[in-house]
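Raw data.tsv, TSV, N, CA and C atoms:
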```tsv
chain	number	residue	atom	x	y	z
W	1084	MET	N	-7.60	14.84	-8.97
W	1084	MET	CA	-6.64	13.76	-9.10
W	1084	MET	C	-6.66	13.28	-10.55
W	1085	THR	N	-5.48	13.11	-11.11
W	1085	THR	CA	-5.38	12.62	-12.48
W	1085	THR	C	-5.50	11.10	-12.51
W	1086	ARG	N	-5.69	10.59	-13.69
W	1086	ARG	CA	-5.76	9.14	-13.88
W	1086	ARG	C	-4.47	8.48	-13.40
W	1087	ASP	N	-3.32	9.05	-13.78
W	1087	ASP	CA	-2.04	8.48	-13.37
W	1087	ASP	C	-1.85	8.52	-11.86
W	1088	GLU	N	-2.28	9.60	-11.23
W	1088	GLU	CA	-2.18	9.70	-9.77
W	1088	GLU	C	-3.08	8.66	-9.10
W	1089	ALA	N	-4.26	8.45	-9.64
W	1089	ALA	CA	-5.17	7.46	-9.07
W	1089	ALA	C	-4.60	6.05	-9.21
W	1090	LEU	N	-4.03	5.76	-10.37
W	1090	LEU	CA	-3.41	4.44	-10.56
W	1090	LEU	C	-2.22	4.26	-9.64
W	1091	ASP	N	-1.43	5.32	-9.45
W	1091	ASP	CA	-0.29	5.23	-8.55
W	1091	ASP	C	-0.76	4.99	-7.11
W	1092	ARG	N	-1.83	5.63	-6.73
W	1092	ARG	CA	-2.37	5.42	-5.38
W	1092	ARG	C	-2.83	3.97	-5.19
W	1093	LEU	N	-3.50	3.42	-6.18
W	1093	LEU	CA	-3.91	2.02	-6.11
W	1093	LEU	C	-2.68	1.12	-6.03
W	1094	ARG	N	-1.67	1.43	-6.81
W	1094	ARG	CA	-0.42	0.66	-6.82
W	1094	ARG	C	0.24	0.70	-5.43
W	1095	GLN	N	0.29	1.89	-4.84
W	1095	GLN	CA	0.91	2.04	-3.52
W	1095	GLN	C	0.14	1.28	-2.43
W	1096	LEU	N	-1.18	1.34	-2.49
W	1096	LEU	CA	-1.98	0.59	-1.51
W	1096	LEU	C	-1.80	-0.91	-1.69
W	1097	ALA	N	-1.72	-1.36	-2.93
W	1097	ALA	CA	-1.50	-2.78	-3.19
W	1097	ALA	C	-0.15	-3.21	-2.63
W	1098	ARG	N	0.88	-2.39	-2.86
W	1098	ARG	CA	2.22	-2.69	-2.34
W	1098	ARG	C	2.20	-2.73	-0.81
W	1099	ALA	N	1.53	-1.77	-0.21
W	1099	ALA	CA	1.46	-1.72	1.25
W	1099	ALA	C	0.85	-3.00	1.81
W	1100	GLN	N	-0.24	-3.44	1.21
W	1100	GLN	CA	-0.89	-4.67	1.66
W	1100	GLN	C	0.02	-5.88	1.51
W	1101	VAL	N	0.65	-5.99	0.34
W	1101	VAL	CA	1.50	-7.15	0.07
W	1101	VAL	C	2.70	-7.18	1.02
W	1102	LEU	N	3.19	-6.00	1.39
W	1102	LEU	CA	4.34	-5.93	2.28
W	1102	LEU	C	3.95	-5.98	3.76
W	1103	GLY	N	2.67	-6.27	4.02
W	1103	GLY	CA	2.25	-6.52	5.39
W	1103	GLY	C	1.77	-5.31	6.17
W	1104	ARG	N	1.61	-4.19	5.52
W	1104	ARG	CA	1.10	-3.00	6.20
W	1104	ARG	C	-0.42	-3.07	6.23
W	1105	HIS	N	-1.01	-2.61	7.32
W	1105	HIS	CA	-2.47	-2.61	7.41
W	1105	HIS	C	-3.02	-1.43	6.60
W	1106	VAL	N	-3.96	-1.72	5.75
W	1106	VAL	CA	-4.65	-0.68	4.98
W	1106	VAL	C	-6.14	-0.86	5.27
W	1107	GLY	N	-6.72	0.15	5.84
W	1107	GLY	CA	-8.13	0.09	6.22
W	1107	GLY	C	-9.05	0.01	5.01
W	1108	SER	N	-10.16	-0.63	5.21
W	1108	SER	CA	-11.16	-0.75	4.15
W	1108	SER	C	-11.62	0.61	3.66
W	1109	ASP	N	-11.71	1.58	4.57
W	1109	ASP	CA	-12.14	2.91	4.18
W	1109	ASP	C	-11.17	3.54	3.18
W	1110	ARG	N	-9.87	3.29	3.34
W	1110	ARG	CA	-8.87	3.82	2.40
W	1110	ARG	C	-8.97	3.13	1.04
W	1111	LEU	N	-9.27	1.83	1.05
W	1111	LEU	CA	-9.42	1.10	-0.21
W	1111	LEU	C	-10.63	1.61	-0.99
W	1112	ILE	N	-11.72	1.82	-0.27
W	1112	ILE	CA	-12.95	2.31	-0.92
W	1112	ILE	C	-12.72	3.72	-1.45
W	1113	GLN	N	-12.08	4.58	-0.66
W	1113	GLN	CA	-11.83	5.95	-1.11
W	1113	GLN	C	-10.91	5.97	-2.32
W	1114	ALA	N	-9.90	5.11	-2.33
W	1114	ALA	CA	-9.00	5.02	-3.49
W	1114	ALA	C	-9.78	4.56	-4.72
W	1115	GLY	N	-10.72	3.65	-4.52
W	1115	GLY	CA	-11.56	3.21	-5.63
W	1115	GLY	C	-12.43	4.32	-6.15
W	1116	LEU	N	-13.02	5.08	-5.26
W	1116	LEU	CA	-13.85	6.21	-5.66
W	1116	LEU	C	-13.03	7.27	-6.40
W	1117	ASP	N	-11.85	7.59	-5.85
W	1117	ASP	CA	-10.97	8.56	-6.50
W	1117	ASP	C	-10.57	8.10	-7.90
W	1118	ALA	N	-10.27	6.82	-8.02
W	1118	ALA	CA	-9.88	6.27	-9.33
W	1118	ALA	C	-11.05	6.34	-10.30
W	1119	LEU	N	-12.22	6.00	-9.85
W	1119	LEU	CA	-13.40	6.05	-10.70
W	1119	LEU	C	-13.64	7.48	-11.19
W	1120	LEU	N	-13.51	8.44	-10.31
W	1120	LEU	CA	-13.70	9.85	-10.67
W	1120	LEU	C	-12.60	10.37	-11.59
W	1121	ALA	N	-11.45	9.68	-11.59
W	1121	ALA	CA	-10.33	10.06	-12.46
W	1121	ALA	C	-10.36	9.29	-13.78
W	1122	ASP	N	-11.50	8.69	-14.10
W	1122	ASP	CA	-11.70	7.96	-15.36
W	1122	ASP	C	-10.88	6.67	-15.48
W	1123	VAL	N	-10.57	6.05	-14.36
W	1123	VAL	CA	-9.98	4.72	-14.38
W	1123	VAL	C	-11.15	3.76	-14.48
W	1124	ASP	N	-10.98	2.70	-15.23
W	1124	ASP	CA	-12.09	1.78	-15.44
W	1124	ASP	C	-11.63	0.33	-15.31
W	1125	SER	N	-12.38	-0.42	-14.55
W	1125	SER	CA	-12.21	-1.88	-14.48
W	1125	SER	C	-13.55	-2.44	-14.02
W	1126	PRO	N	-13.82	-3.71	-14.30
W	1126	PRO	CA	-15.13	-4.27	-13.95
W	1126	PRO	C	-15.48	-4.18	-12.47
W	1127	SER	N	-14.48	-4.28	-11.58
W	1127	SER	CA	-14.77	-4.28	-10.14
W	1127	SER	C	-14.64	-2.91	-9.48
W	1128	LEU	N	-14.13	-1.93	-10.20
W	1128	LEU	CA	-13.86	-0.63	-9.59
W	1128	LEU	C	-15.13	0.06	-9.09
W	1129	ALA	N	-16.18	0.07	-9.88
W	1129	ALA	CA	-17.42	0.72	-9.45
W	1129	ALA	C	-18.01	0.01	-8.23
W	1130	LEU	N	-17.86	-1.30	-8.19
W	1130	LEU	CA	-18.35	-2.06	-7.02
W	1130	LEU	C	-17.60	-1.65	-5.77
W	1131	LEU	N	-16.27	-1.54	-5.88
W	1131	LEU	CA	-15.45	-1.12	-4.74
W	1131	LEU	C	-15.81	0.30	-4.31
W	1132	ALA	N	-15.87	1.20	-5.26
W	1132	ALA	CA	-16.15	2.61	-4.97
W	1132	ALA	C	-17.53	2.81	-4.35
W	1133	GLY	N	-18.47	1.94	-4.65
W	1133	GLY	CA	-19.83	2.09	-4.16
W	1133	GLY	C	-20.14	1.39	-2.85
W	1134	LEU	N	-19.13	0.78	-2.23
W	1134	LEU	CA	-19.40	0.08	-0.98
W	1134	LEU	C	-19.79	1.05	0.13
W	1135	GLY	N	-20.80	0.66	0.89
W	1135	GLY	CA	-21.22	1.44	2.05
W	1135	GLY	C	-20.55	0.91	3.30
W	1136	ARG	N	-20.77	1.58	4.40
W	1136	ARG	CA	-20.16	1.20	5.68
W	1136	ARG	C	-20.46	-0.25	6.06
W	1137	ARG	N	-21.64	-0.69	5.80
W	1137	ARG	CA	-22.02	-2.07	6.16
W	1137	ARG	C	-21.43	-3.12	5.23
W	1138	GLU	N	-20.86	-2.65	4.13
W	1138	GLU	CA	-20.27	-3.58	3.15
W	1138	GLU	C	-18.74	-3.52	3.14
W	1139	GLU	N	-18.16	-2.81	4.12
W	1139	GLU	CA	-16.71	-2.65	4.14
W	1139	GLU	C	-15.95	-3.97	4.17
W	1140	HIS	N	-16.56	-5.00	4.72
W	1140	HIS	CA	-15.90	-6.31	4.78
W	1140	HIS	C	-15.61	-6.88	3.38
W	1141	GLU	N	-16.26	-6.34	2.36
W	1141	GLU	CA	-16.03	-6.80	0.98
W	1141	GLU	C	-14.91	-6.03	0.28
W	1142	ALA	N	-14.41	-4.99	0.91
W	1142	ALA	CA	-13.47	-4.08	0.25
W	1142	ALA	C	-12.15	-4.77	-0.14
W	1143	ARG	N	-11.58	-5.56	0.72
W	1143	ARG	CA	-10.28	-6.18	0.41
W	1143	ARG	C	-10.37	-7.08	-0.83
W	1144	GLU	N	-11.39	-7.91	-0.86
W	1144	GLU	CA	-11.54	-8.81	-2.00
W	1144	GLU	C	-11.77	-8.03	-3.30
W	1145	LEU	N	-12.63	-7.02	-3.24
W	1145	LEU	CA	-12.87	-6.21	-4.44
W	1145	LEU	C	-11.63	-5.43	-4.84
W	1146	PHE	N	-10.89	-4.92	-3.85
W	1146	PHE	CA	-9.65	-4.20	-4.16
W	1146	PHE	C	-8.67	-5.13	-4.87
W	1147	ASP	N	-8.56	-6.35	-4.39
W	1147	ASP	CA	-7.67	-7.33	-5.04
W	1147	ASP	C	-8.09	-7.57	-6.49
W	1148	HIS	N	-9.39	-7.63	-6.74
W	1148	HIS	CA	-9.88	-7.78	-8.11
W	1148	HIS	C	-9.50	-6.57	-8.96
W	1149	VAL	N	-9.68	-5.38	-8.41
W	1149	VAL	CA	-9.34	-4.15	-9.13
W	1149	VAL	C	-7.85	-4.14	-9.48
W	1150	VAL	N	-7.02	-4.48	-8.54
W	1150	VAL	CA	-5.57	-4.51	-8.75
W	1150	VAL	C	-5.21	-5.49	-9.86
W	1151	ASP	N	-5.82	-6.66	-9.84
W	1151	ASP	CA	-5.57	-7.65	-10.90
W	1151	ASP	C	-6.06	-7.15	-12.25
W	1152	GLU	N	-7.26	-6.59	-12.27
W	1152	GLU	CA	-7.84	-6.11	-13.53
W	1152	GLU	C	-7.03	-4.98	-14.16
W	1153	LEU	N	-6.46	-4.13	-13.31
W	1153	LEU	CA	-5.69	-3.00	-13.81
W	1153	LEU	C	-4.20	-3.31	-13.97
W	1154	GLY	N	-3.77	-4.44	-13.46
W	1154	GLY	CA	-2.36	-4.81	-13.57
W	1154	GLY	C	-1.44	-3.92	-12.76
W	1155	VAL	N	-1.91	-3.46	-11.59
W	1155	VAL	CA	-1.09	-2.57	-10.77
W	1155	VAL	C	-0.62	-3.26	-9.48
W	1156	GLY	N	-0.62	-4.57	-9.50
W	1156	GLY	CA	-0.22	-5.31	-8.31
W	1156	GLY	C	1.27	-5.33	-8.09
W	1157	PHE	N	1.66	-5.87	-6.98
W	1157	PHE	CA	3.06	-5.98	-6.58
W	1157	PHE	C	3.23	-7.36	-5.96
W	1158	GLU	N	4.29	-8.02	-6.35
W	1158	GLU	CA	4.57	-9.33	-5.77
W	1158	GLU	C	5.77	-9.20	-4.85
W	1159	ALA	N	5.55	-9.49	-3.59
W	1159	ALA	CA	6.63	-9.40	-2.61
W	1159	ALA	C	7.63	-10.52	-2.85
W	1160	PRO	N	8.89	-10.28	-2.52
W	1160	PRO	CA	9.88	-11.36	-2.62
W	1160	PRO	C	9.46	-12.54	-1.75
W	1161	ALA	N	9.74	-13.73	-2.23
W	1161	ALA	CA	9.36	-14.93	-1.49
W	1161	ALA	C	10.19	-15.09	-0.21
W	1162	ASP	N	11.44	-14.66	-0.27
W	1162	ASP	CA	12.32	-14.74	0.90
W	1162	ASP	C	11.88	-13.70	1.93
W	1163	PRO	N	11.62	-14.11	3.18
W	1163	PRO	CA	11.14	-13.17	4.19
W	1163	PRO	C	12.11	-12.02	4.46
W	1164	ILE	N	13.39	-12.29	4.43
W	1164	ILE	CA	14.38	-11.22	4.65
W	1164	ILE	C	14.33	-10.23	3.50
W	1165	ALA	N	14.27	-10.72	2.28
W	1165	ALA	CA	14.18	-9.83	1.11
W	1165	ALA	C	12.89	-9.03	1.15
W	1166	ALA	N	11.81	-9.62	1.65
W	1166	ALA	CA	10.55	-8.90	1.76
W	1166	ALA	C	10.66	-7.77	2.78
W	1167	ARG	N	11.35	-8.00	3.87
W	1167	ARG	CA	11.55	-6.94	4.89
W	1167	ARG	C	12.40	-5.81	4.33
W	1168	TRP	N	13.44	-6.17	3.56
W	1168	TRP	CA	14.26	-5.15	2.92
W	1168	TRP	C	13.43	-4.35	1.92
W	1169	ALA	N	12.57	-5.04	1.19
W	1169	ALA	CA	11.71	-4.35	0.22
W	1169	ALA	C	10.82	-3.34	0.93
W	1170	LEU	N	10.28	-3.72	2.09
W	1170	LEU	CA	9.46	-2.81	2.86
W	1170	LEU	C	10.27	-1.62	3.35
W	1171	ALA	N	11.46	-1.87	3.86
W	1171	ALA	CA	12.31	-0.77	4.35
W	1171	ALA	C	12.65	0.20	3.22
W	1172	TYR	N	13.00	-0.31	2.05
W	1172	TYR	CA	13.30	0.56	0.91
W	1172	TYR	C	12.07	1.34	0.47
W	1173	TRP	N	10.93	0.71	0.47
W	1173	TRP	CA	9.70	1.38	0.07
W	1173	TRP	C	9.36	2.50	1.04
W	1174	LEU	N	9.50	2.22	2.34
W	1174	LEU	CA	9.25	3.26	3.33
W	1174	LEU	C	10.22	4.42	3.16
W	1175	ALA	N	11.50	4.10	2.92
W	1175	ALA	CA	12.50	5.16	2.71
W	1175	ALA	C	12.16	5.99	1.49
W	1176	ALA	N	11.69	5.36	0.44
W	1176	ALA	CA	11.30	6.09	-0.77
W	1176	ALA	C	10.13	7.02	-0.49
W	1177	GLN	N	9.20	6.59	0.35
W	1177	GLN	CA	8.07	7.44	0.71
W	1177	GLN	C	8.52	8.65	1.54
W	1178	ILE	N	9.49	8.44	2.40
W	1178	ILE	CA	10.04	9.56	3.16
W	1178	ILE	C	10.68	10.55	2.20
W	1179	ALA	N	11.47	10.01	1.26
W	1179	ALA	CA	12.19	10.86	0.31
W	1179	ALA	C	11.25	11.65	-0.59
W	1180	ASP	N	10.13	11.06	-0.99
W	1180	ASP	CA	9.23	11.79	-1.90
W	1180	ASP	C	8.20	12.65	-1.15
W	1181	GLY	N	8.27	12.64	0.18
W	1181	GLY	CA	7.41	13.50	0.97
W	1181	GLY	C	6.04	12.95	1.28
W	1182	SER	N	5.76	11.70	0.88
W	1182	SER	CA	4.44	11.14	1.13
W	1182	SER	C	4.32	10.48	2.50
W	1183	LEU	N	5.44	10.38	3.22
W	1183	LEU	CA	5.44	9.79	4.56
W	1183	LEU	C	6.26	10.69	5.48
W	1184	ASP	N	5.68	11.04	6.61
W	1184	ASP	CA	6.36	11.85	7.59
W	1184	ASP	C	7.68	11.17	7.99
W	1185	PRO	N	8.79	11.91	8.01
W	1185	PRO	CA	10.09	11.29	8.32
W	1185	PRO	C	10.14	10.58	9.67
W	1186	ALA	N	9.55	11.16	10.70
W	1186	ALA	CA	9.59	10.52	12.01
W	1186	ALA	C	8.78	9.22	12.02
W	1187	THR	N	7.62	9.27	11.41
W	1187	THR	CA	6.79	8.07	11.32
W	1187	THR	C	7.49	7.00	10.49
W	1188	GLY	N	8.06	7.41	9.37
W	1188	GLY	CA	8.77	6.47	8.51
W	1188	GLY	C	9.97	5.85	9.20
W	1189	ALA	N	10.72	6.67	9.94
W	1189	ALA	CA	11.88	6.14	10.67
W	1189	ALA	C	11.44	5.13	11.72
W	1190	ASP	N	10.32	5.39	12.40
W	1190	ASP	CA	9.80	4.43	13.37
W	1190	ASP	C	9.44	3.11	12.70
W	1191	LEU	N	8.79	3.20	11.54
W	1191	LEU	CA	8.42	1.98	10.81
W	1191	LEU	C	9.66	1.23	10.33
W	1192	ILE	N	10.64	1.96	9.87
W	1192	ILE	CA	11.88	1.32	9.42
W	1192	ILE	C	12.61	0.70	10.61
W	1193	TRP	N	12.51	1.32	11.77
W	1193	TRP	CA	13.13	0.77	12.98
W	1193	TRP	C	12.59	-0.63	13.27
W	1194	VAL	N	11.28	-0.81	13.10
W	1194	VAL	CA	10.67	-2.12	13.30
W	1194	VAL	C	11.30	-3.13	12.35
W	1195	GLU	N	11.50	-2.72	11.09
W	1195	GLU	CA	12.13	-3.63	10.12
W	1195	GLU	C	13.58	-3.87	10.48
W	1196	ALA	N	14.28	-2.84	10.96
W	1196	ALA	CA	15.68	-3.01	11.37
W	1196	ALA	C	15.80	-4.01	12.50
W	1197	THR	N	14.84	-3.96	13.42
W	1197	THR	CA	14.82	-4.92	14.52
W	1197	THR	C	14.73	-6.34	13.97
W	1198	GLU	N	13.80	-6.55	13.05
W	1198	GLU	CA	13.61	-7.88	12.47
W	1198	GLU	C	14.80	-8.32	11.61
W	1199	LEU	N	15.55	-7.35	11.08
W	1199	LEU	CA	16.70	-7.67	10.22
W	1199	LEU	C	18.01	-7.73	11.01
W	1200	GLY	N	17.94	-7.56	12.33
W	1200	GLY	CA	19.15	-7.64	13.15
W	1200	GLY	C	19.96	-6.35	13.14
W	1201	TYR	N	19.31	-5.22	12.99
W	1201	TYR	CA	19.95	-3.90	13.00
W	1201	TYR	C	21.12	-3.78	12.03
W	1202	PRO	N	20.88	-3.98	10.75
W	1202	PRO	CA	21.98	-3.89	9.78
W	1202	PRO	C	22.55	-2.47	9.71
W	1203	ASP	N	23.84	-2.40	9.42
W	1203	ASP	CA	24.51	-1.10	9.32
W	1203	ASP	C	23.86	-0.17	8.29
W	1204	ALA	N	23.35	-0.73	7.23
W	1204	ALA	CA	22.76	0.07	6.16
W	1204	ALA	C	21.55	0.88	6.64
W	1205	LEU	N	20.86	0.41	7.67
W	1205	LEU	CA	19.68	1.13	8.16
W	1205	LEU	C	19.98	2.05	9.35
W	1206	GLN	N	21.16	1.99	9.91
W	1206	GLN	CA	21.49	2.79	11.08
W	1206	GLN	C	21.33	4.30	10.86
W	1207	PRO	N	21.77	4.86	9.72
W	1207	PRO	CA	21.60	6.31	9.55
W	1207	PRO	C	20.13	6.77	9.54
W	1208	ILE	N	19.24	5.89	9.16
W	1208	ILE	CA	17.82	6.26	9.10
W	1208	ILE	C	17.18	6.17	10.47
W	1209	VAL	N	17.53	5.13	11.19
W	1209	VAL	CA	16.86	4.89	12.47
W	1209	VAL	C	17.65	5.43	13.63
```
Would you mind giving the structure from this file in structure tokens?
Amino acid sequence: MTRDEALDRLRQLARAQVLGRHVGSDRLIQAGLDALLADVDSPSLALLAGLGRREEHEARELFDHVVDELGVGFEAPADPIAARWALAYWLAAQIADGSLDPATGADLIWVEATELGYPDALQPIV
């Protein structure tokens, strides 16, 4: 994994969390380890990457520190409807770039369509 790929992965996980998607502590720790091995450096990164199973409860807080230190965070729109649209667009982009299975992505977008009142713009996807 390259440095840019590792940073992108951290960025994507940060976006997922901010947009309300569950990201397991194990994925946060693995992303930290991958980033560390790809020569990404921040004061909290080694701490995140070195967490053991019994320390997983610390992963979210350390991940948030890493995101802040590296400047790879994402701020969700304050408006709840705009935040749901942001999630739907992000999921669609993941389907388009091949990082999310189309059927899984469509199911996730369907949940957002439900919350948005089934807008016409999302009908072709869901």
For this session: Name the residues in contact with Asp1117 (chain W) at a cut-off of 8 Å, using only N, CA and C atoms, excluding same-chain residues fewer than 5 positions from it; report them as a PyMOL selection string.
Result: chain W and resi 1084-1086+1088-1090+1111-1112+1122-1123+1132
Exercise. So how many Å separate CA of Trp1173 (chain W) and atom C of Tyr1201 (chain W), to one decimal?
Worked result: 17.3 Å
Quick one: residues within 6.5 Å of region 1100-1110 of chain W, all atoms listed in the file counted, chain neighbours fewer than 6 positions away excluded, as a PDB file with N, CA and C atoms, in the coordinates of the input?
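Done, and the output landed in part03.pdb:
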```pdb
ATOM      1  N   GLU W1139     -18.160  -2.810   4.120  1.00  0.00           N
ATOM      2  CA  GLU W1139     -16.710  -2.650   4.140  1.00  0.00           C
ATOM      3  C   GLU W1139     -15.950  -3.970   4.170  1.00  0.00           C
ATOM      4  N   ALA W1142     -14.410  -4.990   0.910  1.00  0.00           N
ATOM      5  CA  ALA W1142     -13.470  -4.080   0.250  1.00  0.00           C
ATOM      6  C   ALA W1142     -12.150  -4.770  -0.140  1.00  0.00           C
ATOM      7  N   ARG W1143     -11.580  -5.560   0.720  1.00  0.00           N
ATOM      8  CA  ARG W1143     -10.280  -6.180   0.410  1.00  0.00           C
ATOM      9  C   ARG W1143     -10.370  -7.080  -0.830  1.00  0.00           C
ATOM     10  N   PHE W1157       1.660  -5.870  -6.980  1.00  0.00           N
ATOM     11  CA  PHE W1157       3.060  -5.980  -6.580  1.00  0.00           C
ATOM     12  C   PHE W1157       3.230  -7.360  -5.960  1.00  0.00           C
ATOM     13  N   ALA W1159       5.550  -9.490  -3.590  1.00  0.00           N
ATOM     14  CA  ALA W1159       6.630  -9.400  -2.610  1.00  0.00           C
ATOM     15  C   ALA W1159       7.630 -10.520  -2.850  1.00  0.00           C
ATOM     16  N   LEU W1170      10.280  -3.720   2.090  1.00  0.00           N
ATOM     17  CA  LEU W1170       9.460  -2.810   2.860  1.00  0.00           C
ATOM     18  C   LEU W1170      10.270  -1.620   3.350  1.00  0.00           C
TER      19      LEU W1170
END
```
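Counting only C-alpha atoms, the residue from W:Leu1093, W:Leu1199, W:Ala1189, W:Leu1174 that sits nearest to Leu1128 (chain W) is W:Leu1093.
Put simply, atom N of Glu1144 (chain W) is 22.0 Å away from atom C of Asp1087 (chain W).
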For this session: To one decimal in Å, tell me the separation between atom N of Asp1184 (chain W) and atom C of Ala1171 (chain W).
Result: 13.3 Å
Exercise. Can you list, as a PyMOL selection string, every protein, DNA or RNA residue that comes within 12 Å of Glu1158 (chain W) when you count only C-alpha atoms, leaving out same-chain residues fewer than 3 positions away?
Worked result: chain W and resi 1094+1097-1103+1150-1151+1154-1155+1161-1162+1165-1166+1169-1170
